Every structure is written in structure tokens, then in C-alpha cells.
$ cat coords38.txt   # compact mmCIF, C-alpha atoms
# COMPACT_ATOMS: atom_id res chain seq x y z
CA MET A 1 15.37 0.38 -24.59
CA ALA A 2 11.79 -0.25 -23.52
CA THR A 3 10.11 2.45 -21.50
CA LYS A 4 9.63 1.63 -17.85
CA PRO A 5 6.01 1.02 -16.81
CA ASN A 6 4.44 3.38 -14.27
CA CYS A 7 4.00 2.65 -10.57
CA LEU A 8 1.62 4.61 -8.35
CA ILE A 9 2.61 4.80 -4.68
CA VAL A 10 -0.40 5.87 -2.62
CA ALA A 11 0.51 7.25 0.79
CA SER A 12 -1.59 8.49 3.68
CA ALA A 13 -1.70 12.20 4.43
CA ALA A 14 -3.10 11.69 7.95
CA ALA A 15 -1.21 12.99 10.98
CA GLU A 16 -0.61 9.42 12.18
CA GLY A 17 1.75 9.12 9.27
CA VAL A 18 3.59 6.79 6.96
CA SER A 19 6.36 4.48 8.15
CA ALA A 20 9.73 5.92 7.10
CA ARG A 21 11.24 2.43 6.84
CA SER A 22 8.44 1.09 4.66
CA PHE A 23 8.37 4.16 2.40
CA VAL A 24 12.13 4.33 1.87
CA ASN A 25 12.32 0.63 1.00
CA SER A 26 9.24 0.90 -1.25
CA PHE A 27 10.45 3.93 -3.18
CA THR A 28 14.04 2.76 -3.52
CA LEU A 29 13.06 -0.64 -4.92
CA THR A 30 10.28 0.50 -7.23
CA THR A 31 12.36 3.24 -8.89
CA SER A 32 14.72 0.53 -10.15
CA ALA A 33 11.93 -1.01 -12.22
CA PHE A 34 9.24 1.64 -12.69
CA ASN A 35 8.57 5.30 -13.25
CA VAL A 36 7.17 6.18 -9.84
CA GLN A 37 4.42 8.68 -9.03
CA LEU A 38 3.61 9.50 -5.39
CA ALA A 39 0.02 10.46 -4.59
CA THR A 40 -1.93 11.34 -1.44
CA PRO A 41 -5.52 12.42 -0.76
CA GLY A 42 -5.75 16.02 -1.91
CA GLY A 43 -2.04 16.05 -2.75
CA GLN A 44 -1.32 16.76 0.92
CA PRO A 45 2.24 16.29 2.24
CA VAL A 46 3.26 13.00 3.84
CA GLU A 47 4.04 12.88 7.57
CA PHE A 48 6.81 10.33 8.08
CA VAL A 49 7.02 8.54 11.41
CA ASN A 50 9.57 6.29 13.15
CA VAL A 51 12.42 8.10 11.40
CA ASP A 52 15.91 6.85 12.27
CA GLU A 53 19.23 8.42 11.24
CA ASN A 54 19.51 6.49 7.98
CA SER A 55 15.97 7.22 6.84
CA LYS A 56 16.31 10.84 7.99
CA ARG A 57 19.21 11.42 5.59
CA TRP A 58 17.36 9.69 2.76
CA LEU A 59 14.15 11.64 3.37
CA THR A 60 16.04 14.95 3.53
CA ASP A 61 17.51 14.25 0.10
CA PHE A 62 14.14 13.00 -1.18
CA ALA A 63 12.41 16.22 -0.07
CA SER A 64 14.72 18.23 -2.35
CA LYS A 65 13.54 16.36 -5.46
CA PRO A 66 10.57 17.53 -7.55
CA TYR A 67 9.02 14.04 -7.49
CA SER A 68 8.66 14.22 -3.70
CA THR A 69 5.61 16.49 -4.08
CA PRO A 70 2.55 14.22 -4.09
CA ALA A 71 -0.03 14.34 -6.85
CA LYS A 72 -3.69 14.54 -5.91
CA LEU A 73 -4.97 10.99 -5.60
CA GLU A 74 -8.32 12.00 -7.05
CA ASN A 75 -6.58 13.11 -10.28
CA CYS A 76 -4.77 9.80 -10.86
CA ASP A 77 -5.97 7.86 -13.90
CA PRO A 78 -5.73 4.09 -13.25
CA SER A 79 -5.09 3.41 -16.93
CA ARG A 80 -1.72 5.18 -16.68
CA PHE A 81 -0.31 2.82 -14.07
CA ALA A 82 0.88 -0.78 -14.28
CA VAL A 83 1.18 -1.41 -10.54
CA LEU A 84 -0.20 0.09 -7.32
CA LEU A 85 1.67 0.19 -4.00
CA ILE A 86 0.51 1.30 -0.54
CA PRO A 87 3.38 1.44 1.99
CA GLY A 88 2.96 0.88 5.71
CA GLY A 89 1.91 3.45 8.28
CA ALA A 90 -0.91 3.93 10.76
CA GLY A 91 -2.22 6.96 8.89
CA SER A 92 -3.82 4.70 6.25
CA VAL A 93 -6.58 3.60 8.60
CA PHE A 94 -7.64 7.24 9.10
CA ASP A 95 -7.88 8.37 5.47
CA LEU A 96 -7.13 5.72 2.82
CA ALA A 97 -9.50 3.15 4.34
CA THR A 98 -12.49 5.21 3.18
CA ASP A 99 -11.00 7.18 0.27
CA GLN A 100 -13.27 7.04 -2.78
CA ALA A 101 -10.54 7.98 -5.26
CA LEU A 102 -8.46 5.04 -4.04
CA ALA A 103 -11.57 2.83 -4.19
CA HIS A 104 -11.93 3.72 -7.88
CA LEU A 105 -8.28 2.89 -8.55
CA ILE A 106 -8.45 -0.46 -6.77
CA THR A 107 -11.71 -1.36 -8.52
CA GLN A 108 -10.10 -0.79 -11.91
CA PHE A 109 -6.95 -2.68 -10.92
CA VAL A 110 -9.00 -5.66 -9.74
CA ALA A 111 -11.07 -5.63 -12.94
CA GLU A 112 -7.90 -5.71 -15.05
CA GLN A 113 -5.95 -8.00 -12.66
CA LYS A 114 -3.13 -5.46 -12.42
CA PRO A 115 -0.65 -5.95 -9.54
CA ILE A 116 -1.51 -4.37 -6.19
CA CYS A 117 0.80 -4.40 -3.16
CA ALA A 118 -0.05 -3.18 0.35
CA VAL A 119 2.19 -3.42 3.39
CA GLY A 120 1.42 -3.36 7.12
CA MET A 121 -1.25 -0.81 7.99
CA GLY A 122 -1.23 0.17 4.33
CA VAL A 123 -3.50 -2.87 3.91
CA CYS A 124 -6.23 -0.68 5.42
CA GLY A 125 -6.18 1.21 2.12
CA LEU A 126 -7.68 -1.87 0.47
CA CYS A 127 -10.76 -1.64 2.69
CA CYS A 128 -12.24 1.26 0.73
CA ALA A 129 -12.97 -0.84 -2.35
CA MET A 130 -16.66 -1.63 -1.78
CA ASP A 131 -19.29 -1.99 -4.48
CA GLN A 132 -22.76 -0.42 -4.45
CA GLU A 133 -24.14 -3.35 -2.45
CA SER A 134 -21.38 -2.92 0.20
CA ARG A 135 -19.55 -6.02 -0.99
CA TRP A 136 -15.79 -5.91 -0.87
CA ARG A 137 -14.04 -6.04 -4.24
CA LEU A 138 -11.33 -8.24 -2.67
CA LYS A 139 -13.67 -10.82 -1.16
CA GLY A 140 -12.17 -14.30 -1.52
CA TYR A 141 -8.56 -13.08 -1.72
CA SER A 142 -5.95 -14.39 0.71
CA MET A 143 -3.97 -11.67 2.48
CA THR A 144 -2.23 -10.55 5.63
CA SER A 145 -2.01 -7.41 7.78
CA PRO A 146 -1.02 -6.54 11.35
CA ALA A 147 -2.90 -8.85 13.71
CA THR A 148 -5.54 -7.35 16.00
CA VAL A 149 -3.81 -8.83 19.05
CA ASP A 150 -0.64 -6.92 18.14
CA LEU A 151 -2.43 -3.66 17.40
CA ALA A 152 -4.18 -3.87 20.79
CA THR A 153 -0.84 -3.17 22.52
CA GLN A 154 -0.35 0.14 20.69
CA SER A 155 -1.36 3.51 22.11
CA ILE A 156 -3.20 4.40 18.90
CA PHE A 157 -5.47 1.33 19.14
CA PRO A 158 -8.50 3.05 20.80
CA LYS A 159 -8.59 5.65 18.01
CA MET A 160 -8.60 3.24 15.09
CA PRO A 161 -11.87 3.37 13.10
CA LEU A 162 -11.29 -0.17 11.83
CA LEU A 163 -8.97 -3.12 12.42
CA PRO A 164 -7.60 -4.68 9.24
CA GLU A 165 -7.66 -8.31 10.41
CA ASP A 166 -11.26 -7.99 11.61
CA PHE A 167 -12.30 -6.24 8.38
CA ILE A 168 -10.67 -8.89 6.18
CA ARG A 169 -12.42 -11.71 8.04
CA GLU A 170 -15.80 -9.95 8.18
CA TYR A 171 -15.90 -9.08 4.48
CA GLY A 172 -14.83 -12.44 3.13
CA GLY A 173 -11.06 -12.34 2.83
CA ASN A 174 -8.79 -15.19 3.91
CA PHE A 175 -6.49 -13.91 6.66
CA SER A 176 -3.15 -15.26 7.87
CA CYS A 177 -0.29 -13.82 9.92
CA ASN A 178 3.07 -14.67 11.42
CA TYR A 179 4.56 -13.66 14.75
CA THR A 180 4.60 -9.91 15.50
CA ASP A 181 7.77 -8.82 13.71
CA GLY A 182 7.98 -11.74 11.31
CA ASN A 183 8.54 -11.29 7.59
CA HIS A 184 5.24 -12.58 6.21
CA VAL A 185 3.99 -11.97 2.68
CA VAL A 186 0.90 -13.42 1.00
CA ILE A 187 0.49 -13.52 -2.78
CA ASP A 188 -2.92 -14.29 -4.26
CA ARG A 189 -3.30 -13.77 -8.00
CA HIS A 190 -2.36 -10.11 -8.57
CA LEU A 191 -2.56 -9.06 -4.90
CA ILE A 192 0.51 -8.95 -2.65
CA THR A 193 0.25 -8.07 1.04
CA GLY A 194 2.91 -7.81 3.73
CA GLN A 195 2.10 -8.20 7.42
CA ASN A 196 4.29 -5.36 8.71
CA ASP A 197 7.08 -2.92 7.86
CA PHE A 198 9.64 -5.73 8.12
CA SER A 199 7.86 -7.41 5.18
CA THR A 200 8.26 -4.42 2.85
CA LEU A 201 11.33 -5.59 0.96
CA THR A 202 9.94 -9.05 0.22
CA ALA A 203 6.52 -7.70 -0.73
CA VAL A 204 7.87 -5.03 -3.09
CA GLN A 205 10.35 -7.43 -4.69
CA ASN A 206 7.41 -9.67 -5.53
CA LEU A 207 5.47 -6.69 -6.88
CA ILE A 208 8.36 -5.95 -9.25
CA LEU A 209 8.50 -9.58 -10.39
CA LEU A 210 4.74 -9.66 -10.94
CA GLY A 211 4.76 -6.34 -12.75
CA ASN A 212 7.63 -7.35 -15.02
CA SER A 213 5.97 -10.70 -15.76
CA ARG A 214 2.74 -8.98 -16.75
CA GLN A 215 4.57 -6.50 -19.00
CA ALA A 216 6.47 -9.31 -20.69
CA LYS A 217 3.19 -10.94 -21.72
CA LYS A 218 1.97 -7.83 -23.53
$ encode --input "coords38.txt" --output "C-alpha cells"
Amino acid sequence: MATKPNCLIVASAAAEGVSARSFVNSFTLTTSAFNVQLATPGGQPVEFVNVDENSKRWLTDFASKPYSTPAKLENCDPSRFAVLLIPGGAGSVFDLATDQALAHLITQFVAEQKPICAVGMGVCGLCCAMDQESRWRLKGYSMTSPATVDLATQSIFPKMPLLPEDFIREYGGNFSCNYTDGNHVVIDRHLITGQNDFSTLTAVQNLILLGNSRQAKK
């Protein structure tokens, strides 16, 4: 039997957290197709938010497993991973959006056209990938994220250092979105983005298909 390729799930370690729904769906789906490594900036623990009874039970079981301890993002070698996934959660705008280790990973993934998937506020993690002339590595890509008009209704809005829709438009991406809680996924070449947590399943399913397709061509 062929060895499963490796998937790197990059999660925020900021206090604003990672969406429990998005993370559970992301991890559950990807482990069916990949060997999964979780990583955060500095290897710090993940703060899960919006935890309901179902996700609480899953996360309690997850916490007892050795693979629940995040690796240090700065120690992750992009050559070891076939796909990259950033689940949803507001924390991403406070740490991943400017993380240089993640910028290095994304730069290498873009150069090699390896599949990248980001969901909801996890799309903010893509914003770190700037070149030395402050040009975005993902300029010209079509993608989605939470809309600014929707974020403006949230209590965390005044604290946000950047707004993903505004960033995408300003730095040359092609932005689209659906209604607030709509399942909306955009696929452009090797990049898959989901508008919100409700889009996680569809986005990650497409990541698996893209990853498997790429492996089959090797």
C-alpha cells in the first residue's frame, strides 16, 4: 500500500482562537487521506472557540492523543508536506497574517504549485506571503474570505489589524463572496479558499481531491 502523503495544518495560537467546527471538520477529513501534522507559531497550544457539545467531546478525545501537541511552525520544512491547510478562526488575523515562517511555507508551496487550502478567517494566514518588494505572492489568484460588511457586525472588528477582503482587493487578488452563512468555495489553480466555517467541508474535500490528483501524476 502506498504511503499517505503529508498534510500540514497550520493553526493560530492567538487568544482569539480557532473555530472548533472548522478544525474538527478539517482534521477529521484530512486524516482519511493524509498523515497530518498540526503546527502553530512557537508550538503554542490552540485556543478553540465556539465549542458546542459535539465538538467538545471530540476535542477532549483529541487532546489525549500525542498528535494534538502542535509542532513549531518555524521548524516545519515545506518539502515534507504535500498540502497545506489553514482552518477558520479569528486568531489568524492576529498572528498568522504576519508570520514569517508561514510566509516561507506559502512561498515554497506557490513556487511548486502544491495545494493550499484556507477557510474563513484562516484566509488571513495567506496575507503574510509578501516578497521583498512588498508584492503579494498570491496576486492574481481568485479567492474568498469573510466579507468586510459581515465582519463589521462582530465585536472583534475594531481590534482587527487587517480585513481579508480589503487586503485581497488591495494587493491584486480577485475577491468573491456569497451571503453571510453561505457555503462558498473558490478554486484557482492549486489554491482553495472557503468563505466561512460552513464552507470547511466542501473546501477540504476539494483539497483532498487536488492532493490525490497531484500525487497520482508523480
$ atom_distance --input "coords38.txt" --atom1 "atom CA of A:Ile208" --atom2 "atom CA of A:Asp188"
14.9 Å
$ closest_residue --input "coords38.txt" --among "A:Asn54, A:Met130, A:Thr180, A:Gly173" --to "A:Asp150" --atoms "all atoms listed in the file"
A:Thr180
$ closest_atom_pairs --input "coords38.txt" --of "stretch 78-108 of chain A" --to "stretch 31-45 of chain A" --cutoff "9 Å" --atoms "only C-alpha atoms" --output "Markdown table"
| residue | atom | partner | partner_atom | distance |
| --- | --- | --- | --- | --- |
| A:Ala82 | CA | A:Phe34 | CA | 8.8 |
| A:Val83 | CA | A:Phe34 | CA | 8.9 |
| A:Asp95 | CA | A:Pro41 | CA | 7.8 |
| A:Leu96 | CA | A:Pro41 | CA | 7.8 |
| A:Asp99 | CA | A:Pro41 | CA | 7.7 |
| A:Ala101 | CA | A:Pro41 | CA | 8.1 |
| A:Leu102 | CA | A:Pro41 | CA | 8.6 |
$ closest_residue --input "coords38.txt" --among "A:Asp166, A:Asp131, A:Glu112, A:Asp61" --to "A:Leu191" --atoms "only C-alpha atoms"
A:Glu112
$ closest_residue --input "coords38.txt" --among "A:Ala13, A:Val24, A:Ala118, A:Cys128" --to "A:Thr98" --atoms "all atoms listed in the file"
A:Cys128
$ closest_residue --input "coords38.txt" --among "A:Ser68, A:Asn50, A:Thr3, A:Thr148" --to "A:Arg21" --atoms "only C-alpha atoms"
A:Asn50
$ axis_aligned_box --input "coords38.txt" --around "stretch 141-155 of chain A" --padding-each-side "6 Å" --output "lines of an AutoDock Vina configuration file"
center_x = -4.5
center_y = -5.4
center_z = 10.4
size_x = 20.2
size_y = 29.9
size_z = 36.2
$ closest_residue --input "coords38.txt" --among "A:Ala20, A:Ala14, A:Ala147, A:Met160" --to "A:Tyr179" --atoms "only C-alpha atoms"
A:Ala147
$ residues_around --input "coords38.txt" --residues "A:Gly120" --least-positions-apart "3" --cutoff "7 Å" --atoms "only C-alpha atoms" --output "ChimeraX atom specification"
/A:88-89,123,145-146,194-197
$ atom_distance --input "coords38.txt" --atom1 "atom CA of A:Ala11" --atom2 "atom CA of A:Ala216"
27.8 Å
$ atom_distance --input "coords38.txt" --atom1 "atom CA of A:Leu151" --atom2 "atom CA of A:Ser92"
14.0 Å
$ residues_around --input "coords38.txt" --residues "A:Cys117" --least-positions-apart "5" --cutoff "8 Å" --atoms "all atoms listed in the file" --output "compact mmCIF listing (two decimals) with C-alpha atoms, in the frame of the given file"
# COMPACT_ATOMS: atom_id res chain seq x y z
CA VAL A 83 1.18 -1.41 -10.54
CA LEU A 84 -0.20 0.09 -7.32
CA LEU A 85 1.67 0.19 -4.00
CA ILE A 86 0.51 1.30 -0.54
CA LEU A 191 -2.56 -9.06 -4.90
CA ILE A 192 0.51 -8.95 -2.65
CA THR A 193 0.25 -8.07 1.04
CA GLY A 194 2.91 -7.81 3.73
CA ALA A 203 6.52 -7.70 -0.73
CA VAL A 204 7.87 -5.03 -3.09
CA LEU A 207 5.47 -6.69 -6.88
$ closest_residue --input "coords38.txt" --among "A:Phe62, A:Phe198, A:Phe27, A:Phe109" --to "A:Ser79" --atoms "all atoms listed in the file"
A:Phe109
$ decode --input "coords38.txt" --residues "stretch 81-93 of chain A" --atoms "N, CA, C and O atoms" --output "short mmCIF file (atom, residue, chain, number, x, y, z; two decimals), in the first residue's frame"
data_model
loop_
_atom_site.label_atom_id
_atom_site.label_comp_id
_atom_site.auth_asym_id
_atom_site.auth_seq_id
_atom_site.Cartn_x
_atom_site.Cartn_y
_atom_site.Cartn_z
N PHE A 81 5.81 18.28 3.05
CA PHE A 81 4.35 18.29 3.02
C PHE A 81 3.81 18.44 1.61
O PHE A 81 4.31 19.23 0.81
N ALA A 82 2.74 17.67 1.34
CA ALA A 82 2.10 17.70 0.03
C ALA A 82 1.02 18.75 -0.05
O ALA A 82 0.76 19.31 -1.13
N VAL A 83 0.35 19.02 1.07
CA VAL A 83 -0.73 20.00 1.10
C VAL A 83 -0.64 20.82 2.38
O VAL A 83 -0.11 20.37 3.40
N LEU A 84 -1.21 22.03 2.32
CA LEU A 84 -1.21 22.97 3.45
C LEU A 84 -2.65 23.40 3.71
O LEU A 84 -3.37 23.77 2.77
N LEU A 85 -3.05 23.39 4.98
CA LEU A 85 -4.43 23.74 5.33
C LEU A 85 -4.44 24.69 6.52
O LEU A 85 -3.79 24.43 7.54
N ILE A 86 -5.19 25.79 6.40
CA ILE A 86 -5.37 26.74 7.49
C ILE A 86 -6.86 26.80 7.83
O ILE A 86 -7.65 27.35 7.06
N PRO A 87 -7.28 26.22 8.95
CA PRO A 87 -8.70 26.24 9.31
C PRO A 87 -9.15 27.63 9.76
O PRO A 87 -8.34 28.53 9.99
N GLY A 88 -10.47 27.78 9.89
CA GLY A 88 -11.03 29.08 10.26
C GLY A 88 -10.79 29.45 11.72
O GLY A 88 -10.46 28.62 12.56
N GLY A 89 -10.98 30.72 12.01
CA GLY A 89 -10.82 31.23 13.37
C GLY A 89 -10.23 32.62 13.36
O GLY A 89 -9.28 32.90 12.62
N ALA A 90 -10.79 33.49 14.19
CA ALA A 90 -10.38 34.90 14.20
C ALA A 90 -8.93 35.09 14.61
O ALA A 90 -8.31 36.10 14.27
N GLY A 91 -8.37 34.14 15.34
CA GLY A 91 -7.00 34.28 15.79
C GLY A 91 -6.00 34.48 14.66
O GLY A 91 -4.97 35.14 14.84
N SER A 92 -6.31 33.95 13.47
CA SER A 92 -5.36 34.02 12.35
C SER A 92 -4.97 35.44 11.97
O SER A 92 -3.84 35.69 11.56
N VAL A 93 -5.90 36.37 12.12
CA VAL A 93 -5.61 37.75 11.74
C VAL A 93 -4.62 38.40 12.70
O VAL A 93 -3.94 39.38 12.35
#
